[in-house]
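work10.cif (mmCIF, C-alpha atoms and all ligand atoms) appears below.
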```cif
data_upload
#
loop_
_atom_site.label_atom_id
_atom_site.label_comp_id
_atom_site.auth_asym_id
_atom_site.auth_seq_id
_atom_site.Cartn_x
_atom_site.Cartn_y
_atom_site.Cartn_z
CA MET A 1198 0.00 0.00 0.00
CA ALA A 1199 2.86 2.37 0.73
CA ARG A 1200 4.16 1.80 -2.79
CA THR A 1201 0.68 2.43 -4.15
CA ALA A 1202 0.84 5.79 -2.39
CA ASP A 1203 4.16 6.54 -4.15
CA LEU A 1204 6.26 6.06 -1.04
CA ASN A 1205 9.60 4.38 -1.24
CA VAL A 1206 9.85 1.77 1.49
CA VAL A 1207 13.35 1.54 2.97
CA LEU A 1208 12.75 -0.66 5.97
CA MET A 1209 10.16 -2.80 7.69
CA LEU A 1210 10.25 -3.38 11.40
CA HIS A 1211 8.25 -5.99 13.31
CA GLN A 1212 7.59 -6.53 16.94
CA PHE A 1213 5.68 -9.30 18.65
CA ARG A 1214 3.80 -8.03 21.67
CA GLU A 1215 0.79 -9.18 23.65
CA ARG A 1216 -0.79 -5.84 22.95
CA PRO A 1217 0.42 -2.46 21.66
CA HIS A 1218 2.24 -0.24 24.12
CA ILE A 1219 -0.32 2.22 25.35
CA ARG A 1220 1.85 5.32 24.87
CA TYR A 1221 4.24 4.42 22.06
CA TYR A 1222 2.46 1.55 20.27
CA LEU A 1223 5.88 -0.16 20.12
CA GLY A 1224 7.86 -1.09 23.21
CA THR A 1225 10.27 1.62 24.37
CA GLY A 1226 13.37 -0.35 23.32
CA LYS A 1227 11.86 -0.82 19.87
CA VAL A 1228 11.14 2.89 19.61
CA ASP A 1229 14.84 3.60 20.25
CA GLU A 1230 15.78 1.12 17.57
CA LEU A 1231 13.33 2.73 15.17
CA LYS A 1232 14.72 6.16 15.98
CA GLN A 1233 18.19 4.98 14.95
CA PHE A 1234 16.88 3.63 11.67
CA VAL A 1235 14.96 6.83 10.98
CA ASP A 1236 18.18 8.80 11.39
CA GLU A 1237 20.30 6.34 9.46
CA TYR A 1238 17.95 6.23 6.45
CA GLN A 1239 16.82 9.83 6.85
CA ALA A 1240 13.30 8.54 6.59
CA GLU A 1241 10.58 11.09 6.13
CA VAL A 1242 7.60 9.02 7.13
CA VAL A 1243 6.95 6.17 9.53
CA ILE A 1244 3.82 4.11 8.93
CA SER A 1245 2.29 1.74 11.43
CA ASP A 1246 0.30 -1.19 10.14
CA ASP A 1247 -2.45 -0.64 12.72
CA GLU A 1248 -4.54 2.34 13.55
CA LEU A 1249 -2.77 4.44 16.18
CA SER A 1250 -4.64 6.30 18.87
CA PRO A 1251 -4.37 10.07 18.46
CA SER A 1252 -2.06 10.25 21.47
CA GLN A 1253 0.19 7.41 20.29
CA GLN A 1254 0.54 9.19 17.01
CA ARG A 1255 1.40 12.44 18.73
CA THR A 1256 3.89 10.85 21.11
CA LEU A 1257 5.68 8.98 18.34
CA GLU A 1258 5.87 12.13 16.29
CA GLN A 1259 7.50 13.93 19.19
CA VAL A 1260 10.03 11.17 19.79
CA LEU A 1261 10.89 10.30 16.20
CA LYS A 1262 10.56 13.81 14.77
CA VAL A 1263 9.11 12.56 11.48
CA LYS A 1264 5.63 12.37 10.05
CA ILE A 1265 3.73 9.42 11.50
CA MET A 1266 1.02 7.79 9.46
CA ASP A 1267 -1.04 4.79 10.41
CA ARG A 1268 -2.73 2.19 8.27
CA THR A 1269 -5.97 4.16 8.32
CA SER A 1270 -4.48 7.45 7.16
CA LEU A 1271 -2.52 5.64 4.45
CA ILE A 1272 -5.65 3.92 3.12
CA LEU A 1273 -7.56 7.19 3.33
CA SER A 1274 -4.95 9.02 1.31
CA ILE A 1275 -4.96 6.31 -1.37
CA PHE A 1276 -8.75 6.48 -1.52
CA ALA A 1277 -8.52 10.26 -1.86
CA THR A 1278 -6.37 9.99 -4.97
CA ARG A 1279 -8.69 7.36 -6.48
CA ALA A 1280 -12.01 9.09 -5.93
CA ARG A 1281 -13.26 10.22 -9.29
CA THR A 1282 -16.99 10.68 -8.96
CA TYR A 1283 -18.53 13.36 -6.81
CA GLU A 1284 -20.06 10.74 -4.55
CA ALA A 1285 -16.77 8.93 -3.95
CA GLN A 1286 -15.05 12.25 -3.26
CA LEU A 1287 -17.66 13.14 -0.66
CA GLN A 1288 -17.43 9.71 0.93
CA VAL A 1289 -13.66 9.93 1.21
CA GLU A 1290 -13.77 13.47 2.55
CA TYR A 1291 -16.26 12.37 5.16
CA ALA A 1292 -14.03 9.53 6.30
CA GLN A 1293 -10.98 11.81 6.36
CA LEU A 1294 -12.68 14.43 8.49
CA GLU A 1295 -13.95 11.80 10.88
CA TYR A 1296 -10.41 10.55 11.21
CA LEU A 1297 -9.06 14.06 11.68
CA LEU A 1298 -11.51 15.26 14.31
CA PRO A 1299 -10.10 13.49 17.38
CA ARG A 1300 -6.58 14.24 16.19
CA LEU A 1301 -6.94 17.97 15.98
CA THR A 1302 -5.58 18.52 19.49
CA ARG A 1303 -2.07 18.36 18.14
CA MET A 1304 -2.33 21.78 16.67
CA TRP A 1305 -3.47 23.03 20.01
CA THR A 1306 -0.51 21.69 22.01
CA HIS A 1307 1.74 23.30 19.49
CA LEU A 1308 -0.05 26.65 19.54
CA SER A 1309 -0.58 26.78 23.27
CA ARG A 1310 3.11 27.26 23.82
CA LEU A 1311 2.64 30.70 22.38
CA GLY A 1312 -0.19 31.47 24.76
CA GLY A 1313 -0.43 30.97 28.49
CA GLY A 1314 1.06 28.14 30.50
CA ILE A 1315 -0.27 24.63 30.80
CA GLY A 1316 -3.89 24.49 31.84
CA THR A 1317 -4.81 27.99 30.77
CA ARG A 1318 -7.12 28.55 27.87
CA GLY A 1319 -4.73 29.97 25.35
CA PRO A 1320 -5.68 31.26 21.92
CA GLY A 1321 -4.86 27.83 20.51
CA GLU A 1322 -7.70 26.19 22.34
CA LYS A 1323 -10.21 28.67 21.05
CA GLN A 1324 -8.93 28.08 17.55
CA LEU A 1325 -9.29 24.38 18.10
CA GLU A 1326 -12.93 24.74 19.08
CA VAL A 1327 -13.58 26.85 15.99
CA ASP A 1328 -11.86 24.27 13.81
CA LYS A 1329 -13.81 21.42 15.35
CA ARG A 1330 -17.08 23.24 14.90
CA GLN A 1331 -16.29 23.88 11.25
CA ILE A 1332 -15.44 20.26 10.68
CA ARG A 1333 -18.67 19.08 12.28
CA LYS A 1334 -20.59 21.51 10.10
CA ARG A 1335 -18.87 20.21 6.99
CA LEU A 1336 -19.57 16.64 8.08
CA SER A 1337 -23.28 17.31 8.29
CA THR A 1338 -23.30 19.11 4.93
CA ILE A 1339 -21.58 16.14 3.31
CA LYS A 1340 -24.04 13.78 4.95
CA GLU A 1341 -26.97 15.68 3.44
CA LYS A 1342 -25.39 15.66 0.00
CA LEU A 1343 -24.69 11.94 0.20
CA GLU A 1344 -28.26 11.32 1.29
CA LYS A 1345 -29.53 13.11 -1.83
CA ILE A 1346 -27.27 11.06 -4.09
CA LYS A 1347 -28.48 7.93 -2.40
CA GLN A 1348 -32.10 8.85 -3.06
CA GLN A 1349 -31.34 9.45 -6.71
CA ARG A 1350 -29.72 6.06 -6.92
CA GLU A 1351 -32.74 4.43 -5.35
CA ILE A 1352 -34.94 5.99 -8.01
CA GLN A 1353 -32.62 4.60 -10.67
CA ARG A 1354 -32.68 1.21 -9.05
CA ASP A 1355 -36.50 1.25 -8.96
CA ARG A 1356 -36.57 2.15 -12.61
CA ARG A 1357 -34.19 -0.69 -13.37
CA SER A 1358 -36.36 -3.11 -11.52
CA GLN A 1359 -39.47 -2.55 -13.63
CA VAL A 1360 -38.63 -5.97 -14.89
CA PRO A 1361 -36.57 -7.32 -12.03
CA LEU A 1362 -33.33 -8.83 -13.14
CA THR A 1363 -31.26 -11.02 -10.92
CA SER A 1364 -28.48 -8.89 -9.56
CA ILE A 1365 -24.99 -10.23 -9.08
CA ALA A 1366 -22.32 -8.33 -7.18
CA MET A 1367 -18.61 -8.94 -7.49
CA ILE A 1368 -16.72 -8.71 -4.25
CA GLY A 1369 -13.24 -9.63 -3.15
CA TYR A 1370 -9.92 -8.39 -1.96
CA THR A 1371 -8.47 -5.40 -3.75
CA ASN A 1372 -6.50 -6.35 -6.89
CA ALA A 1373 -8.26 -9.73 -7.21
CA GLY A 1374 -9.35 -8.88 -10.75
CA LYS A 1375 -12.99 -7.88 -10.33
CA SER A 1376 -12.90 -5.01 -12.81
CA THR A 1377 -10.93 -7.09 -15.30
CA LEU A 1378 -13.61 -9.76 -15.03
CA LEU A 1379 -16.42 -7.27 -15.57
CA ASN A 1380 -14.61 -6.01 -18.66
CA GLN A 1381 -14.08 -9.56 -19.89
CA LEU A 1382 -17.72 -10.52 -19.39
CA THR A 1383 -19.45 -7.41 -20.63
CA GLN A 1384 -16.90 -5.47 -22.67
CA ALA A 1385 -17.35 -2.73 -20.10
CA ASP A 1386 -14.62 -0.16 -20.00
CA VAL A 1387 -13.85 -0.14 -16.30
CA PHE A 1388 -10.48 1.05 -15.05
CA ALA A 1389 -8.54 -2.08 -14.08
CA GLU A 1390 -4.96 -1.67 -13.02
CA ASP A 1391 -2.30 -3.23 -10.90
CA LEU A 1392 -3.09 -0.75 -8.18
CA LEU A 1393 -4.77 -1.13 -4.84
CA PHE A 1394 -8.24 0.33 -4.71
CA ALA A 1395 -8.37 0.96 -8.45
CA THR A 1396 -12.16 0.96 -8.19
CA LEU A 1397 -14.17 3.04 -5.76
CA ASP A 1398 -17.44 3.53 -7.62
CA PRO A 1399 -19.90 0.79 -8.38
CA THR A 1400 -20.43 0.03 -12.06
CA THR A 1401 -23.38 -2.06 -13.16
CA ARG A 1402 -23.62 -3.80 -16.53
CA ARG A 1403 -26.07 -6.12 -18.16
CA LEU A 1404 -24.85 -9.59 -18.96
CA ILE A 1405 -26.68 -12.15 -21.09
CA LEU A 1406 -26.09 -15.67 -19.87
CA PRO A 1407 -25.81 -18.60 -22.30
CA SER A 1408 -29.39 -19.54 -21.37
CA ASN A 1409 -30.39 -16.15 -22.76
CA GLU A 1410 -31.28 -14.76 -19.37
CA PRO A 1411 -30.08 -11.21 -18.76
CA VAL A 1412 -28.66 -10.39 -15.33
CA LEU A 1413 -27.13 -7.28 -13.80
CA ILE A 1414 -23.56 -7.52 -12.65
CA THR A 1415 -21.93 -4.92 -10.41
CA ASP A 1416 -18.28 -4.25 -9.73
CA THR A 1417 -17.41 -2.26 -6.66
CA VAL A 1418 -14.73 -1.23 -4.19
CA GLY A 1419 -12.27 -3.92 -3.13
CA PHE A 1420 -11.77 -5.11 0.41
CA VAL A 1421 -8.60 -5.03 2.45
CA GLN A 1422 -7.55 -6.36 5.80
CA LYS A 1423 -8.37 -3.93 8.61
CA LEU A 1424 -10.37 -1.67 6.32
CA PRO A 1425 -10.83 1.51 8.36
CA HIS A 1426 -14.25 1.66 10.00
CA GLN A 1427 -14.60 5.29 8.85
CA LEU A 1428 -14.49 4.04 5.26
CA VAL A 1429 -16.84 1.14 5.84
CA SER A 1430 -19.44 3.50 7.22
CA SER A 1431 -19.01 6.25 4.66
CA PHE A 1432 -19.05 3.76 1.77
CA ARG A 1433 -22.09 1.99 3.14
CA ALA A 1434 -24.32 3.50 0.46
CA THR A 1435 -22.02 2.28 -2.29
CA LEU A 1436 -21.82 -1.12 -0.69
CA GLU A 1437 -25.60 -1.39 -0.63
CA GLU A 1438 -25.31 -2.77 -4.14
CA VAL A 1439 -23.56 -5.68 -2.48
CA VAL A 1440 -26.05 -6.13 0.34
CA GLU A 1441 -29.00 -6.19 -2.06
CA ALA A 1442 -27.52 -8.64 -4.53
CA ASP A 1443 -29.09 -12.04 -5.19
CA LEU A 1444 -25.70 -13.65 -5.68
CA LEU A 1445 -22.13 -12.69 -4.82
CA LEU A 1446 -19.23 -13.55 -7.07
CA HIS A 1447 -16.35 -13.76 -4.66
CA VAL A 1448 -13.29 -13.11 -6.81
CA VAL A 1449 -10.03 -14.49 -5.40
CA ASP A 1450 -6.52 -13.98 -6.73
CA VAL A 1451 -5.37 -17.58 -6.47
CA SER A 1452 -1.88 -16.67 -7.68
CA ASN A 1453 -1.34 -14.78 -4.44
CA PRO A 1454 0.07 -17.13 -1.78
CA ASN A 1455 -2.01 -15.33 0.83
CA TRP A 1456 -5.29 -15.91 -0.94
CA SER A 1457 -6.94 -17.83 1.85
CA ALA A 1458 -6.34 -15.05 4.39
CA MET A 1459 -7.82 -12.66 1.84
CA VAL A 1460 -10.90 -14.85 1.53
CA GLU A 1461 -11.34 -14.70 5.28
CA THR A 1462 -10.98 -10.93 5.34
CA ALA A 1463 -13.64 -10.59 2.68
CA GLU A 1464 -15.96 -13.00 4.50
CA ALA A 1465 -15.61 -11.03 7.73
CA LEU A 1466 -16.41 -7.77 5.98
CA LEU A 1467 -19.43 -9.28 4.29
CA LYS A 1468 -20.77 -10.33 7.67
CA GLU A 1469 -20.19 -6.85 9.01
CA LEU A 1470 -22.15 -5.42 6.09
CA GLY A 1471 -25.00 -7.81 6.69
CA ALA A 1472 -24.32 -9.72 3.47
CA GLY A 1473 -23.01 -12.90 5.07
CA ASP A 1474 -26.00 -15.01 4.06
CA ILE A 1475 -26.22 -14.12 0.38
CA PRO A 1476 -25.40 -17.13 -1.81
CA GLN A 1477 -21.86 -17.06 -3.13
CA LEU A 1478 -19.97 -18.39 -6.07
CA THR A 1479 -16.21 -18.36 -5.50
CA VAL A 1480 -14.25 -17.42 -8.60
CA PHE A 1481 -10.58 -18.37 -8.44
CA ASN A 1482 -8.93 -15.94 -10.81
CA LYS A 1483 -5.51 -15.59 -12.44
CA ILE A 1484 -5.03 -19.28 -13.16
CA ASP A 1485 -2.81 -18.20 -16.06
CA CYS A 1486 -0.19 -17.35 -13.40
CA LEU A 1487 -0.11 -20.82 -11.94
CA ASP A 1488 2.21 -23.50 -13.31
CA GLN A 1489 -0.40 -26.04 -12.57
CA PHE A 1490 -3.60 -25.92 -10.66
CA ASP A 1491 -5.21 -28.63 -8.74
CA PRO A 1492 -8.69 -27.83 -7.50
CA THR A 1493 -8.65 -30.76 -5.09
CA GLN A 1494 -5.98 -29.04 -3.02
CA ILE A 1495 -8.41 -26.42 -2.05
CA ASP A 1496 -10.46 -27.70 0.81
CA ILE A 1497 -12.25 -24.63 2.13
CA LEU A 1498 -14.52 -24.83 -0.82
CA ALA A 1499 -17.12 -27.12 0.54
CA ARG A 1500 -18.92 -23.93 1.54
CA SER A 1501 -19.83 -22.61 -1.86
CA PRO A 1502 -19.71 -23.62 -5.50
CA PHE A 1503 -16.58 -22.44 -7.27
CA CYS A 1504 -14.81 -22.18 -10.59
CA PHE A 1505 -11.34 -21.39 -11.87
CA ILE A 1506 -10.76 -18.77 -14.53
CA SER A 1507 -8.42 -16.21 -15.94
CA ALA A 1508 -10.20 -12.90 -16.32
CA ARG A 1509 -7.27 -11.53 -18.29
CA THR A 1510 -6.95 -14.26 -20.92
CA GLY A 1511 -10.57 -15.37 -20.84
CA GLN A 1512 -9.49 -18.93 -20.08
CA ARG A 1513 -12.33 -21.05 -18.67
CA VAL A 1514 -14.66 -18.07 -18.42
CA GLU A 1515 -17.34 -20.30 -19.93
CA SER A 1516 -17.20 -22.42 -16.78
CA LEU A 1517 -18.13 -19.33 -14.79
CA LEU A 1518 -21.03 -18.57 -17.12
CA GLN A 1519 -22.11 -22.18 -16.77
CA ALA A 1520 -22.01 -21.90 -12.97
CA LEU A 1521 -24.09 -18.73 -13.18
CA ASP A 1522 -26.62 -20.50 -15.32
CA ASP A 1523 -26.74 -23.36 -12.83
CA PHE A 1524 -27.53 -20.89 -10.10
CA MET A 1525 -30.20 -19.26 -12.21
CA ARG A 1526 -31.76 -22.55 -13.21
CA ASP A 1527 -33.09 -23.06 -9.71
CA ARG A 1528 -34.94 -19.81 -10.00
CA ARG A 1529 -36.49 -20.65 -13.36
CA GLN A 1530 -39.65 -22.40 -14.21
CA MET A 1531 -41.38 -23.50 -17.36
CA MET A 1532 -44.37 -21.25 -17.97
CA ARG A 1533 -47.05 -20.90 -20.61
CA PHE A 1534 -48.16 -17.41 -21.60
CA ARG A 1535 -51.18 -16.39 -23.64
CA VAL A 1536 -50.62 -12.97 -25.11
CA PRO A 1537 -53.09 -11.04 -27.27
CA TYR A 1538 -51.79 -10.08 -30.70
CA LYS A 1539 -51.88 -6.40 -29.84
CA ARG A 1540 -49.37 -6.98 -27.05
CA MET A 1541 -46.27 -7.68 -29.08
CA ASP A 1542 -44.31 -5.70 -26.46
CA VAL A 1543 -44.94 -8.54 -24.03
CA VAL A 1544 -43.78 -11.09 -26.57
CA HIS A 1545 -40.58 -9.11 -26.93
CA LEU A 1546 -40.09 -8.98 -23.17
CA LEU A 1547 -40.51 -12.72 -22.90
CA HIS A 1548 -38.01 -13.35 -25.66
CA GLU A 1549 -35.62 -10.98 -24.00
CA HIS A 1550 -35.91 -12.35 -20.47
CA GLY A 1551 -36.65 -16.00 -20.96
CA ASN A 1552 -35.76 -19.01 -22.95
CA VAL A 1553 -38.74 -19.30 -25.23
CA GLN A 1554 -39.15 -22.85 -26.50
CA SER A 1555 -42.25 -22.65 -28.63
CA VAL A 1556 -44.58 -20.04 -30.03
CA ASP A 1557 -48.01 -20.97 -31.38
CA TYR A 1558 -50.31 -18.60 -33.12
CA GLU A 1559 -53.85 -19.41 -32.09
CA ASP A 1560 -56.59 -16.97 -31.15
CA GLU A 1561 -53.81 -15.51 -29.01
CA ILE A 1562 -50.04 -15.96 -29.12
CA VAL A 1563 -49.14 -18.93 -26.94
CA LEU A 1564 -45.58 -18.97 -25.69
CA LEU A 1565 -43.99 -21.76 -23.78
CA GLY A 1566 -40.72 -20.87 -22.12
CA GLU A 1567 -38.45 -21.13 -19.19
CA ILE A 1568 -38.20 -17.93 -17.25
CA ASN A 1569 -37.10 -16.60 -13.91
CA THR A 1570 -40.22 -16.93 -11.79
CA VAL A 1571 -39.93 -13.44 -10.31
CA THR A 1572 -39.43 -11.89 -13.74
CA GLY A 1573 -42.24 -13.94 -15.27
CA GLU A 1574 -44.68 -12.97 -12.57
CA LYS A 1575 -43.69 -9.33 -12.80
CA ILE A 1576 -44.25 -9.27 -16.55
CA MET A 1577 -47.63 -10.90 -16.07
CA GLY A 1578 -48.47 -8.67 -13.11
CA ASN A 1579 -47.78 -5.49 -15.05
CA LEU A 1580 -50.03 -6.68 -17.82
CA ALA A 1581 -52.52 -8.65 -15.81
CA ALA A 1582 -55.41 -7.35 -17.86
CA SER A 1583 -54.21 -8.85 -21.07
CA VAL A 1584 -52.02 -11.78 -20.18
CA SER A 1585 -53.04 -15.04 -18.69
CA VAL A 1586 -51.15 -18.17 -17.87
N1 LIG B 1 -2.25 -12.58 -14.84
C1 LIG B 1 -3.47 -12.16 -14.59
N2 LIG B 1 -3.66 -10.91 -14.14
C2 LIG B 1 -4.91 -10.49 -13.90
C3 LIG B 1 -6.03 -11.34 -14.10
N3 LIG B 1 -7.15 -10.66 -13.76
C4 LIG B 1 -6.73 -9.43 -13.37
N4 LIG B 1 -5.38 -9.33 -13.47
C5 LIG B 1 -4.56 -8.14 -13.15
O1 LIG B 1 -4.66 -7.86 -11.78
C6 LIG B 1 -4.61 -6.44 -11.58
C7 LIG B 1 -5.82 -5.98 -10.79
O2 LIG B 1 -6.98 -6.15 -11.57
P1 LIG B 1 -8.31 -5.32 -11.31
O3 LIG B 1 -9.33 -5.88 -12.23
O4 LIG B 1 -8.06 -3.85 -11.33
O5 LIG B 1 -8.63 -5.78 -9.81
P2 LIG B 1 -9.84 -5.33 -8.87
O6 LIG B 1 -10.28 -6.53 -8.12
O7 LIG B 1 -10.87 -4.61 -9.67
O8 LIG B 1 -9.09 -4.34 -7.88
P3 LIG B 1 -9.70 -3.09 -7.03
O9 LIG B 1 -10.53 -2.26 -7.93
O10 LIG B 1 -8.46 -2.42 -6.55
O11 LIG B 1 -10.49 -3.70 -5.91
C8 LIG B 1 -4.53 -5.82 -12.97
O12 LIG B 1 -3.17 -5.55 -13.24
C9 LIG B 1 -5.05 -6.93 -13.87
O13 LIG B 1 -4.52 -6.85 -15.18
C10 LIG B 1 -5.79 -12.68 -14.59
O14 LIG B 1 -6.69 -13.48 -14.80
N5 LIG B 1 -4.50 -13.01 -14.79
MG MG B 2 -11.56 -2.73 -9.58
#
```

In structure tokens, what does this structure look like?
Ligand SMILES: Nc1nc2c(ncn2[C@@H]2O[C@H](COP(=O)(O)OP(=O)(O)OP(=O)(O)O)[C@@H](O)[C@H]2O)c(=O)[nH]1
Ligand SMILES: [Mg+2]
Amino acid sequence: MARTADLNVVLMLHQFRERPHIRYYLGTGKVDELKQFVDEYQAEVVISDDELSPSQQRTLEQVLKVKIMDRTSLILSIFATRARTYEAQLQVEYAQLEYLLPRLTRMWTHLSRLGGGIGTRGPGEKQLEVDKRQIRKRLSTIKEKLEKIKQQREIQRDRRSQVPLTSIAMIGYTNAGKSTLLNQLTQADVFAEDLLFATLDPTTRRLILPSNEPVLITDTVGFVQKLPHQLVSSFRATLEEVVEADLLLHVVDVSNPNWSAMVETAEALLKELGAGDIPQLTVFNKIDCLDQFDPTQIDILARSPFCFISARTGQRVESLLQALDDFMRDRRQMMRFRVPYKRMDVVHLLHEHGNVQSVDYEDEIVLLGEINTVTGEKIMGNLAASVSV
């Protein structure tokens, strides 16, 4: 992640502890060691792989005399450079301000030295209150704006669901290949790069399965271990696409030796979002990077159906489509429709959404076809006056 943020990593330091040191995060001996390295390498930034408390961050900054970032602020700054739509920008700004608010005191300790002694209300403290008030005001403005965007999206979603299509959401660890897969499946033109958090905004495309059934497939923000809670809450609206999906495609980069830890991270986040019970299809991606692959070695998979593909080369993508069709088959039923000749629009809808097997022209048009039961009923419901089964 540091490299993603254009930082040049010169050294990594580890310490095993029962729990972080309450003041310094690291043990005091380790802090001394770190201080020596900072001087030796003339490091400009020190990043901790956990979130630091505001006071730990402050104390370390005083001792090490360099900028201290934590995992959260690093992720936030990467998100900030990735946010392209207005909504994503607002969501990131919200998360950043939330992160900043309890950390503002630093400026005060620095300014108060100019004012009175310790314990007096110097000019710095007043400034701090003003700053905090402004931030809270901005937070509530952003919240209102995000709420409006959310409402607009709900209207769009309602419009989309005039004829309800099964919705499939792609989830998975960042860099797993979700956007590449969406592009491969639907010729979408989504930004897919060897970058962390390449995607922040959800993109939805229509995909026609081999059985002729159209579905909606959505690509969205990738997950990461210890994803900051500020981001989870501010991206909740975006992640609603995930929570409301009928099926999750859990994309896994199987060429990464840590893939099973990544699967667990994603599972935990799904639970947190309330999406833990949505049916899943695990998609092991990047098989083109493996010398050989042996599905039997993978034992965690009893939990959900799975397939192996390469989103980049397109290898075995048909097995994924097949698995999607298998999932859809359970939701389909053979139905007979009688449609008056003047309702050719309904005939079109049925051809578009179902697998029509026969059409007979009698006093009405009689169609026999396999169709998603929800879709079939909706089409009939909308046109109840003129369609019978
Ligand atoms: N070799 C190989 N590389 C792949 C494959 N699929 C994706 N990649 C590469 O993996 C990198 C990440 O792909 P993305 O599609 O951006 O991944 P993502 O899951 O959308 O990532 P985020 O948007 O960051 O969550 C890109 O460099 C892709 O070219 C694959 O099947 N094989
Ligand atoms: Mg992506």

Problem set entry | For atom CA of Asn1453 of chain A and atom CA of Leu1393 of chain A, the interatomic separation in Å (one decimal) |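 Going from atom CA of Asn1453 of chain A over to atom CA of Leu1393 of chain A, I get 14.1 Å.
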
Problem set entry | A:Arg1300, A:Lys1345, A:His1545, A:Arg1279 ranked by distance to ligand LIG 1 (chain B), top pick (using all atoms listed in the file) |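 Of all the options, A:Arg1279 lies closest to ligand LIG 1 (chain B).
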
For this session: Extract, using only C-alpha atoms, all DNA, RNA and protein residues at most 8 Å from Asp1560 of chain A, discarding same-chain residues fewer than 2 positions from it, and format them as a ChimeraX atom specification.
Result: /A:1537,1558,1562

For this session: Select the residues contacting ligand LIG 1 (chain B) at a distance of at most 8 Å, based on only C-alpha atoms and all ligand atoms, then format the selection as a PyMOL selection string.
Result: chain A and resi 1368-1379+1388-1397+1416-1420+1448+1450+1482-1486+1506-1511

Save the residues we just selected, C-alpha atoms, as a PDB file, in the frame of the given file?
```pdb
ATOM      1  CA  ILE A1368     -16.720  -8.710  -4.250  1.00  0.00           C
ATOM      2  CA  GLY A1369     -13.240  -9.630  -3.150  1.00  0.00           C
ATOM      3  CA  TYR A1370      -9.920  -8.390  -1.960  1.00  0.00           C
ATOM      4  CA  THR A1371      -8.470  -5.400  -3.750  1.00  0.00           C
ATOM      5  CA  ASN A1372      -6.500  -6.350  -6.890  1.00  0.00           C
ATOM      6  CA  ALA A1373      -8.260  -9.730  -7.210  1.00  0.00           C
ATOM      7  CA  GLY A1374      -9.350  -8.880 -10.750  1.00  0.00           C
ATOM      8  CA  LYS A1375     -12.990  -7.880 -10.330  1.00  0.00           C
ATOM      9  CA  SER A1376     -12.900  -5.010 -12.810  1.00  0.00           C
ATOM     10  CA  THR A1377     -10.930  -7.090 -15.300  1.00  0.00           C
ATOM     11  CA  LEU A1378     -13.610  -9.760 -15.030  1.00  0.00           C
ATOM     12  CA  LEU A1379     -16.420  -7.270 -15.570  1.00  0.00           C
ATOM     13  CA  PHE A1388     -10.480   1.050 -15.050  1.00  0.00           C
ATOM     14  CA  ALA A1389      -8.540  -2.080 -14.080  1.00  0.00           C
ATOM     15  CA  GLU A1390      -4.960  -1.670 -13.020  1.00  0.00           C
ATOM     16  CA  ASP A1391      -2.300  -3.230 -10.900  1.00  0.00           C
ATOM     17  CA  LEU A1392      -3.090  -0.750  -8.180  1.00  0.00           C
ATOM     18  CA  LEU A1393      -4.770  -1.130  -4.840  1.00  0.00           C
ATOM     19  CA  PHE A1394      -8.240   0.330  -4.710  1.00  0.00           C
ATOM     20  CA  ALA A1395      -8.370   0.960  -8.450  1.00  0.00           C
ATOM     21  CA  THR A1396     -12.160   0.960  -8.190  1.00  0.00           C
ATOM     22  CA  LEU A1397     -14.170   3.040  -5.760  1.00  0.00           C
ATOM     23  CA  ASP A1416     -18.280  -4.250  -9.730  1.00  0.00           C
ATOM     24  CA  THR A1417     -17.410  -2.260  -6.660  1.00  0.00           C
ATOM     25  CA  VAL A1418     -14.730  -1.230  -4.190  1.00  0.00           C
ATOM     26  CA  GLY A1419     -12.270  -3.920  -3.130  1.00  0.00           C
ATOM     27  CA  PHE A1420     -11.770  -5.110   0.410  1.00  0.00           C
ATOM     28  CA  VAL A1448     -13.290 -13.110  -6.810  1.00  0.00           C
ATOM     29  CA  ASP A1450      -6.520 -13.980  -6.730  1.00  0.00           C
ATOM     30  CA  ASN A1482      -8.930 -15.940 -10.810  1.00  0.00           C
ATOM     31  CA  LYS A1483      -5.510 -15.590 -12.440  1.00  0.00           C
ATOM     32  CA  ILE A1484      -5.030 -19.280 -13.160  1.00  0.00           C
ATOM     33  CA  ASP A1485      -2.810 -18.200 -16.060  1.00  0.00           C
ATOM     34  CA  CYS A1486      -0.190 -17.350 -13.400  1.00  0.00           C
ATOM     35  CA  ILE A1506     -10.760 -18.770 -14.530  1.00  0.00           C
ATOM     36  CA  SER A1507      -8.420 -16.210 -15.940  1.00  0.00           C
ATOM     37  CA  ALA A1508     -10.200 -12.900 -16.320  1.00  0.00           C
ATOM     38  CA  ARG A1509      -7.270 -11.530 -18.290  1.00  0.00           C
ATOM     39  CA  THR A1510      -6.950 -14.260 -20.920  1.00  0.00           C
ATOM     40  CA  GLY A1511     -10.570 -15.370 -20.840  1.00  0.00           C
TER      41      GLY A1511
END
```

Exercise. If you count only C-alpha atoms, which residues fall within 10 Å of Leu1467 of chain A, apart from same-chain ones fewer than 3 positions away, as a VMD selection string?
Worked result: chain A and resid 1368 to 1369 1420 1436 1439 to 1440 1461 to 1464 1470 to 1475

For this session: Would you list the contacts of Val1207 of chain A as a PyMOL selection string, taking every protein, DNA or RNA residue within 9 Å and counting all atoms listed in the file, but skipping same-chain residues closer than 2 positions in sequence?
Result: chain A and resi 1205+1209+1238+1240

For this session: Write out as a ChimeraX atom specification each polymer residue whose atoms come within 7 Å of segment 1327-1341 of chain A, counting all atoms listed in the file; drop sequence neighbours fewer than 4 positions from it.
Result: /A:1287,1291,1294,1298,1323,1345

For this session: Give me the residues within 7 Å of Thr1383 of chain A as JSON, numbers by chain, counting only C-alpha atoms and dropping any in the same chain fewer than 2 places off.
Result: {"A": [1379, 1380, 1381, 1385, 1402, 1404]}
